[in-house]
>>> print(open('model-v1.cif').read())   # mmCIF, C-alpha atoms
data_upload
#
loop_
_atom_site.label_atom_id
_atom_site.label_comp_id
_atom_site.auth_asym_id
_atom_site.auth_seq_id
_atom_site.Cartn_x
_atom_site.Cartn_y
_atom_site.Cartn_z
CA MET A 1 0.00 0.00 0.00
CA LEU A 2 2.75 2.46 0.99
CA GLY A 3 4.76 1.48 -2.08
CA ALA A 4 1.80 2.17 -4.36
CA MET A 5 1.25 5.59 -2.78
CA LEU A 6 4.93 6.45 -3.13
CA LEU A 7 4.89 5.39 -6.77
CA ALA A 8 1.79 7.52 -7.43
CA VAL A 9 3.45 10.57 -5.85
CA LEU A 10 6.61 10.08 -7.91
CA LEU A 11 4.64 9.68 -11.14
CA ALA A 12 2.55 12.78 -10.40
CA ALA A 13 5.60 15.00 -9.83
CA PRO A 14 6.59 17.08 -12.85
CA ALA A 15 9.52 15.67 -14.72
CA ALA A 16 12.35 18.10 -15.29
CA ALA A 17 13.63 17.79 -18.81
CA VAL A 18 17.04 19.25 -18.01
CA ASN A 19 19.60 16.49 -18.33
CA PRO A 20 22.45 16.22 -15.83
CA ASP A 21 25.02 16.89 -18.56
CA GLU A 22 23.39 20.28 -19.22
CA VAL A 23 23.65 21.58 -15.65
CA LEU A 24 26.25 24.30 -15.16
CA ASP A 25 28.90 24.02 -12.44
CA ASP A 26 28.18 27.55 -11.18
CA PRO A 27 24.94 27.40 -9.15
CA ALA A 28 24.20 31.11 -9.72
CA LEU A 29 24.48 30.71 -13.51
CA GLU A 30 22.41 27.53 -13.39
CA GLU A 31 19.69 29.33 -11.45
CA ARG A 32 19.66 32.13 -14.05
CA ALA A 33 19.57 29.55 -16.86
CA ARG A 34 16.58 27.82 -15.24
CA ALA A 35 14.75 31.13 -14.78
CA LEU A 36 15.33 32.04 -18.43
CA SER A 37 14.37 28.57 -19.65
CA LEU A 38 11.03 28.77 -17.84
CA ASN A 39 10.14 31.84 -19.92
CA LEU A 40 11.11 30.43 -23.31
CA ARG A 41 8.61 28.39 -25.33
CA CYS A 42 9.47 25.02 -26.78
CA LEU A 43 8.90 25.51 -30.50
CA VAL A 44 8.00 21.83 -30.90
CA CYS A 45 5.60 21.46 -27.95
CA GLN A 46 4.47 25.12 -28.15
CA ASN A 47 2.78 25.15 -24.76
CA GLN A 48 5.70 24.05 -22.63
CA SER A 49 8.79 25.88 -21.58
CA ILE A 50 12.10 24.59 -22.84
CA ASP A 51 12.88 23.69 -19.23
CA ASP A 52 9.97 21.21 -19.19
CA SER A 53 10.24 19.86 -22.72
CA ASN A 54 12.07 16.71 -23.80
CA ALA A 55 12.19 17.78 -27.46
CA GLU A 56 15.59 17.93 -29.11
CA LEU A 57 15.10 21.59 -30.10
CA ALA A 58 14.31 22.46 -26.48
CA ARG A 59 17.55 20.80 -25.43
CA ASP A 60 19.43 22.83 -28.04
CA LEU A 61 17.84 26.02 -26.74
CA ARG A 62 18.70 25.13 -23.13
CA LEU A 63 22.31 24.58 -24.17
CA LEU A 64 22.29 27.86 -26.12
CA VAL A 65 21.01 29.77 -23.08
CA ARG A 66 23.70 28.24 -20.87
CA GLU A 67 26.38 28.92 -23.46
CA ARG A 68 25.41 32.60 -23.67
CA LEU A 69 25.39 32.90 -19.87
CA VAL A 70 28.86 31.35 -19.60
CA GLU A 71 30.08 33.85 -22.22
CA GLY A 72 28.95 36.63 -19.88
CA ASP A 73 25.68 37.78 -21.47
CA SER A 74 23.07 39.38 -19.23
CA ASP A 75 19.59 37.86 -18.99
CA ASP A 76 18.21 40.49 -21.38
CA GLU A 77 21.00 39.86 -23.88
CA VAL A 78 20.28 36.12 -23.82
CA ILE A 79 16.54 36.69 -24.36
CA ASN A 80 17.20 39.20 -27.16
CA TYR A 81 19.59 36.77 -28.83
CA VAL A 82 17.07 33.91 -28.74
CA VAL A 83 14.26 36.22 -29.95
CA SER A 84 16.46 37.49 -32.80
CA ARG A 85 16.95 33.89 -33.97
CA TYR A 86 13.46 32.45 -33.37
CA GLY A 87 11.11 35.45 -33.21
CA GLU A 88 8.77 36.77 -30.51
CA PHE A 89 6.82 33.50 -30.52
CA VAL A 90 9.60 31.87 -28.49
CA LEU A 91 8.59 33.97 -25.46
CA LEU A 92 5.96 32.39 -23.23
CA THR A 93 5.13 35.85 -21.86
CA PRO A 94 4.99 38.31 -24.76
CA ARG A 95 6.72 41.66 -24.49
CA PHE A 96 4.68 44.85 -24.26
CA SER A 97 4.69 46.34 -27.77
CA VAL A 98 2.36 47.91 -30.33
CA GLN A 99 1.56 44.47 -31.72
CA THR A 100 0.61 42.99 -28.35
CA VAL A 101 -1.45 46.06 -27.45
CA LEU A 102 -3.39 45.64 -30.70
CA LEU A 103 -3.73 41.91 -30.11
CA TRP A 104 -5.11 42.28 -26.59
CA GLY A 105 -6.93 45.57 -27.21
CA ALA A 106 -8.72 44.58 -30.42
CA PRO A 107 -11.59 42.71 -28.70
CA LEU A 108 -12.24 45.72 -26.45
CA LEU A 109 -12.14 48.10 -29.42
CA ILE A 110 -14.55 45.90 -31.39
CA PHE A 111 -16.90 45.72 -28.41
CA LEU A 112 -16.85 49.50 -27.94
CA ALA A 113 -17.43 50.09 -31.67
CA GLY A 114 -20.39 47.68 -31.63
CA ALA A 115 -21.85 49.37 -28.55
CA ALA A 116 -21.49 52.79 -30.22
CA VAL A 117 -23.25 51.56 -33.37
CA MET A 118 -26.09 50.10 -31.28
CA ILE A 119 -26.51 53.35 -29.31
CA VAL A 120 -26.49 55.53 -32.44
CA ASN A 121 -28.92 53.15 -34.14
CA ALA A 122 -31.26 53.10 -31.12
CA ARG A 123 -31.24 56.90 -30.84
CA GLY A 124 -31.95 57.22 -34.55
CA ARG A 125 -34.91 54.87 -34.24
CA ASN A 126 -36.34 56.79 -31.26
CA THR A 127 -35.98 60.11 -33.10
CA THR A 128 -37.64 58.70 -36.22
CA ALA A 129 -40.51 57.20 -34.21
CA ALA A 130 -41.07 60.47 -32.33
CA THR A 131 -41.21 62.57 -35.49
CA GLU A 132 -43.48 60.12 -37.32
CA GLY A 133 -45.82 59.76 -34.36
CA GLY A 134 -46.11 63.52 -33.90
CA ALA A 135 -46.98 64.31 -37.54
CA ALA A 136 -50.49 65.73 -38.14
CA LEU A 137 -52.98 63.56 -39.98
CA SER A 138 -54.58 64.76 -43.15
CA GLN A 139 -58.37 65.25 -43.24
CA ASP A 140 -58.84 61.97 -45.12
CA GLU A 141 -56.70 60.10 -42.57
CA GLN A 142 -58.63 61.69 -39.67
CA ALA A 143 -61.93 60.66 -41.26
CA GLU A 144 -60.68 57.10 -41.79
CA LEU A 145 -59.45 56.94 -38.16
CA ALA A 146 -62.77 58.22 -36.86
CA LYS A 147 -64.61 55.58 -38.93
CA VAL A 148 -62.37 52.74 -37.61
CA LEU A 149 -62.83 53.90 -34.02
CA LYS A 150 -66.61 54.22 -34.46
CA ASP A 151 -66.81 50.69 -35.91
CA ARG A 152 -64.77 49.37 -33.01
CA ASP A 153 -67.03 51.04 -30.45
CA ARG A 154 -70.13 49.52 -32.10
CA GLN A 155 -68.65 46.01 -31.94
CA ALA A 156 -67.79 46.34 -28.24
#
>>> encode(input="model-v1.cif", output="structure tokens")
Amino acid sequence: MLGAMLLAVLLAAPAAAVNPDEVLDDPALEERARALSLNLRCLVCQNQSIDDSNAELARDLRLLVRERLVEGDSDDEVINYVVSRYGEFVLLTPRFSVQTVLLWGAPLLIFLAGAAVMIVNARGRNTTAATEGGAALSQDEQAELAKVLKDRDRQA
């Protein structure tokens, strides 16, 4: 029973994809590499970080990050280098830019434009109904209305 529970716990734990041969000797650099790897998307898996992915491309990216750190690059320089090679898609958390503002702001802009059209349309309808309802009837129309109302009163 205890063995089965222990096995279930071990299987449920997330598997780190970083291989022992990738780990840097300097713990500070390794910690930085792990932090950077968690923010870079595996281009094969697409919804996993390269730190969690077992794909060969993810391994190559992990090694590239570590190589750049050993060469003395700052975290921003490493990220910029990877983005320059693979594009903005490689970032799990997109940078704040005009493109991302448009991407995230477009639904709000479309909603506001639709609400404005509905308000203008509703106001136009109310104005049209008020002017049509307030128009004077011609003598023929008044006579016809009086006849309809008289017929209705007789039937009631």
>>> resolve_selection(input="model-v1.cif", expression="the PyMOL selection byres ((chain A and resi 29) around 12)", output="count of residues only")
25
>>> residues_around(input="model-v1.cif", residues="Leu43 (chain A)", least_positions_apart="3", cutoff="8 Å", atoms="only C-alpha atoms", output="JSON, numbers by chain")
{"A": [46, 57, 58, 90]}
>>> resolve_selection(input="model-v1.cif", expression="the PyMOL selection byres ((chain A and resi 59) around 12)", output="ChimeraX atom specification")
/A:16-23,37,40-44,49-58,60-66
>>> write_last_selection(input="model-v1.cif", atoms="C-alpha atoms", output="mmCIF file, in the coordinates of the input")
data_model
loop_
_atom_site.group_PDB
_atom_site.id
_atom_site.type_symbol
_atom_site.label_atom_id
_atom_site.label_comp_id
_atom_site.auth_asym_id
_atom_site.auth_seq_id
_atom_site.Cartn_x
_atom_site.Cartn_y
_atom_site.Cartn_z
ATOM 1 C CA ALA A 16 12.350 18.100 -15.290
ATOM 2 C CA ALA A 17 13.630 17.790 -18.810
ATOM 3 C CA VAL A 18 17.040 19.250 -18.010
ATOM 4 C CA ASN A 19 19.600 16.490 -18.330
ATOM 5 C CA PRO A 20 22.450 16.220 -15.830
ATOM 6 C CA ASP A 21 25.020 16.890 -18.560
ATOM 7 C CA GLU A 22 23.390 20.280 -19.220
ATOM 8 C CA VAL A 23 23.650 21.580 -15.650
ATOM 9 C CA SER A 37 14.370 28.570 -19.650
ATOM 10 C CA LEU A 40 11.110 30.430 -23.310
ATOM 11 C CA ARG A 41 8.610 28.390 -25.330
ATOM 12 C CA CYS A 42 9.470 25.020 -26.780
ATOM 13 C CA LEU A 43 8.900 25.510 -30.500
ATOM 14 C CA VAL A 44 8.000 21.830 -30.900
ATOM 15 C CA SER A 49 8.790 25.880 -21.580
ATOM 16 C CA ILE A 50 12.100 24.590 -22.840
ATOM 17 C CA ASP A 51 12.880 23.690 -19.230
ATOM 18 C CA ASP A 52 9.970 21.210 -19.190
ATOM 19 C CA SER A 53 10.240 19.860 -22.720
ATOM 20 C CA ASN A 54 12.070 16.710 -23.800
ATOM 21 C CA ALA A 55 12.190 17.780 -27.460
ATOM 22 C CA GLU A 56 15.590 17.930 -29.110
ATOM 23 C CA LEU A 57 15.100 21.590 -30.100
ATOM 24 C CA ALA A 58 14.310 22.460 -26.480
ATOM 25 C CA ASP A 60 19.430 22.830 -28.040
ATOM 26 C CA LEU A 61 17.840 26.020 -26.740
ATOM 27 C CA ARG A 62 18.700 25.130 -23.130
ATOM 28 C CA LEU A 63 22.310 24.580 -24.170
ATOM 29 C CA LEU A 64 22.290 27.860 -26.120
ATOM 30 C CA VAL A 65 21.010 29.770 -23.080
ATOM 31 C CA ARG A 66 23.700 28.240 -20.870
#
>>> atom_distance(input="model-v1.cif", atom1="CA of Tyr86 (chain A)", atom2="CA of Pro107 (chain A)")
27.5 Å
>>> atom_distance(input="model-v1.cif", atom1="CA of Leu38 (chain A)", atom2="CA of Leu92 (chain A)")
8.2 Å
>>> atom_distance(input="model-v1.cif", atom1="CA of Leu112 (chain A)", atom2="CA of Phe96 (chain A)")
22.3 Å
>>> closest_residue(input="model-v1.cif", among="A:Ala113, A:Val120, A:Ile79, A:Leu149", to="Asn39 (chain A)", atoms="only C-alpha atoms")
A:Ile79
>>> build_atoms(input="model-v1.cif", residues="region 138-153 of chain A", atoms="N, CA, C and O atoms", output="JSON list (two decimals), in the coordinates of the input")
[["chain", "number", "residue", "atom", "x", "y", "z"],
["A", 138, "SER", "N", -53.79, 64.01, -42.17],
["A", 138, "SER", "CA", -54.58, 64.76, -43.15],
["A", 138, "SER", "C", -56.07, 64.58, -42.84],
["A", 138, "SER", "O", -56.45, 63.74, -42.02],
["A", 139, "GLN", "N", -56.93, 65.35, -43.50],
["A", 139, "GLN", "CA", -58.37, 65.25, -43.24],
["A", 139, "GLN", "C", -58.91, 63.88, -43.61],
["A", 139, "GLN", "O", -59.75, 63.33, -42.91],
["A", 140, "ASP", "N", -58.39, 63.32, -44.71],
["A", 140, "ASP", "CA", -58.84, 61.97, -45.12],
["A", 140, "ASP", "C", -58.42, 60.93, -44.09],
["A", 140, "ASP", "O", -59.20, 60.03, -43.75],
["A", 141, "GLU", "N", -57.18, 61.04, -43.58],
["A", 141, "GLU", "CA", -56.70, 60.10, -42.57],
["A", 141, "GLU", "C", -57.49, 60.24, -41.27],
["A", 141, "GLU", "O", -57.82, 59.23, -40.62],
["A", 142, "GLN", "N", -57.84, 61.48, -40.89],
["A", 142, "GLN", "CA", -58.63, 61.69, -39.67],
["A", 142, "GLN", "C", -60.03, 61.09, -39.83],
["A", 142, "GLN", "O", -60.56, 60.48, -38.91],
["A", 143, "ALA", "N", -60.60, 61.23, -41.01],
["A", 143, "ALA", "CA", -61.93, 60.66, -41.26],
["A", 143, "ALA", "C", -61.87, 59.14, -41.20],
["A", 143, "ALA", "O", -62.75, 58.50, -40.61],
["A", 144, "GLU", "N", -60.84, 58.56, -41.79],
["A", 144, "GLU", "CA", -60.68, 57.10, -41.79],
["A", 144, "GLU", "C", -60.49, 56.59, -40.36],
["A", 144, "GLU", "O", -61.09, 55.58, -39.96],
["A", 145, "LEU", "N", -59.68, 57.31, -39.56],
["A", 145, "LEU", "CA", -59.45, 56.94, -38.16],
["A", 145, "LEU", "C", -60.74, 57.02, -37.36],
["A", 145, "LEU", "O", -61.05, 56.12, -36.58],
["A", 146, "ALA", "N", -61.49, 58.05, -37.57],
["A", 146, "ALA", "CA", -62.77, 58.22, -36.86],
["A", 146, "ALA", "C", -63.71, 57.08, -37.21],
["A", 146, "ALA", "O", -64.41, 56.53, -36.34],
["A", 147, "LYS", "N", -63.74, 56.67, -38.49],
["A", 147, "LYS", "CA", -64.61, 55.58, -38.93],
["A", 147, "LYS", "C", -64.19, 54.26, -38.27],
["A", 147, "LYS", "O", -65.03, 53.50, -37.78],
["A", 148, "VAL", "N", -62.89, 53.98, -38.22],
["A", 148, "VAL", "CA", -62.37, 52.74, -37.61],
["A", 148, "VAL", "C", -62.71, 52.72, -36.13],
["A", 148, "VAL", "O", -63.17, 51.70, -35.59],
["A", 149, "LEU", "N", -62.53, 53.84, -35.45],
["A", 149, "LEU", "CA", -62.83, 53.90, -34.02],
["A", 149, "LEU", "C", -64.33, 53.74, -33.76],
["A", 149, "LEU", "O", -64.74, 53.08, -32.79],
["A", 150, "LYS", "N", -65.17, 54.33, -34.62],
["A", 150, "LYS", "CA", -66.61, 54.22, -34.46],
["A", 150, "LYS", "C", -67.06, 52.77, -34.65],
["A", 150, "LYS", "O", -67.89, 52.26, -33.89],
["A", 151, "ASP", "N", -66.49, 52.10, -35.68],
["A", 151, "ASP", "CA", -66.81, 50.69, -35.91],
["A", 151, "ASP", "C", -66.38, 49.82, -34.72],
["A", 151, "ASP", "O", -67.10, 48.89, -34.34],
["A", 152, "ARG", "N", -65.26, 50.13, -34.15],
["A", 152, "ARG", "CA", -64.77, 49.37, -33.01],
["A", 152, "ARG", "C", -65.69, 49.55, -31.81],
["A", 152, "ARG", "O", -66.00, 48.60, -31.08],
["A", 153, "ASP", "N", -66.15, 50.78, -31.59],
["A", 153, "ASP", "CA", -67.03, 51.04, -30.45],
["A", 153, "ASP", "C", -68.38, 50.32, -30.62],
["A", 153, "ASP", "O", -68.97, 49.86, -29.66]]
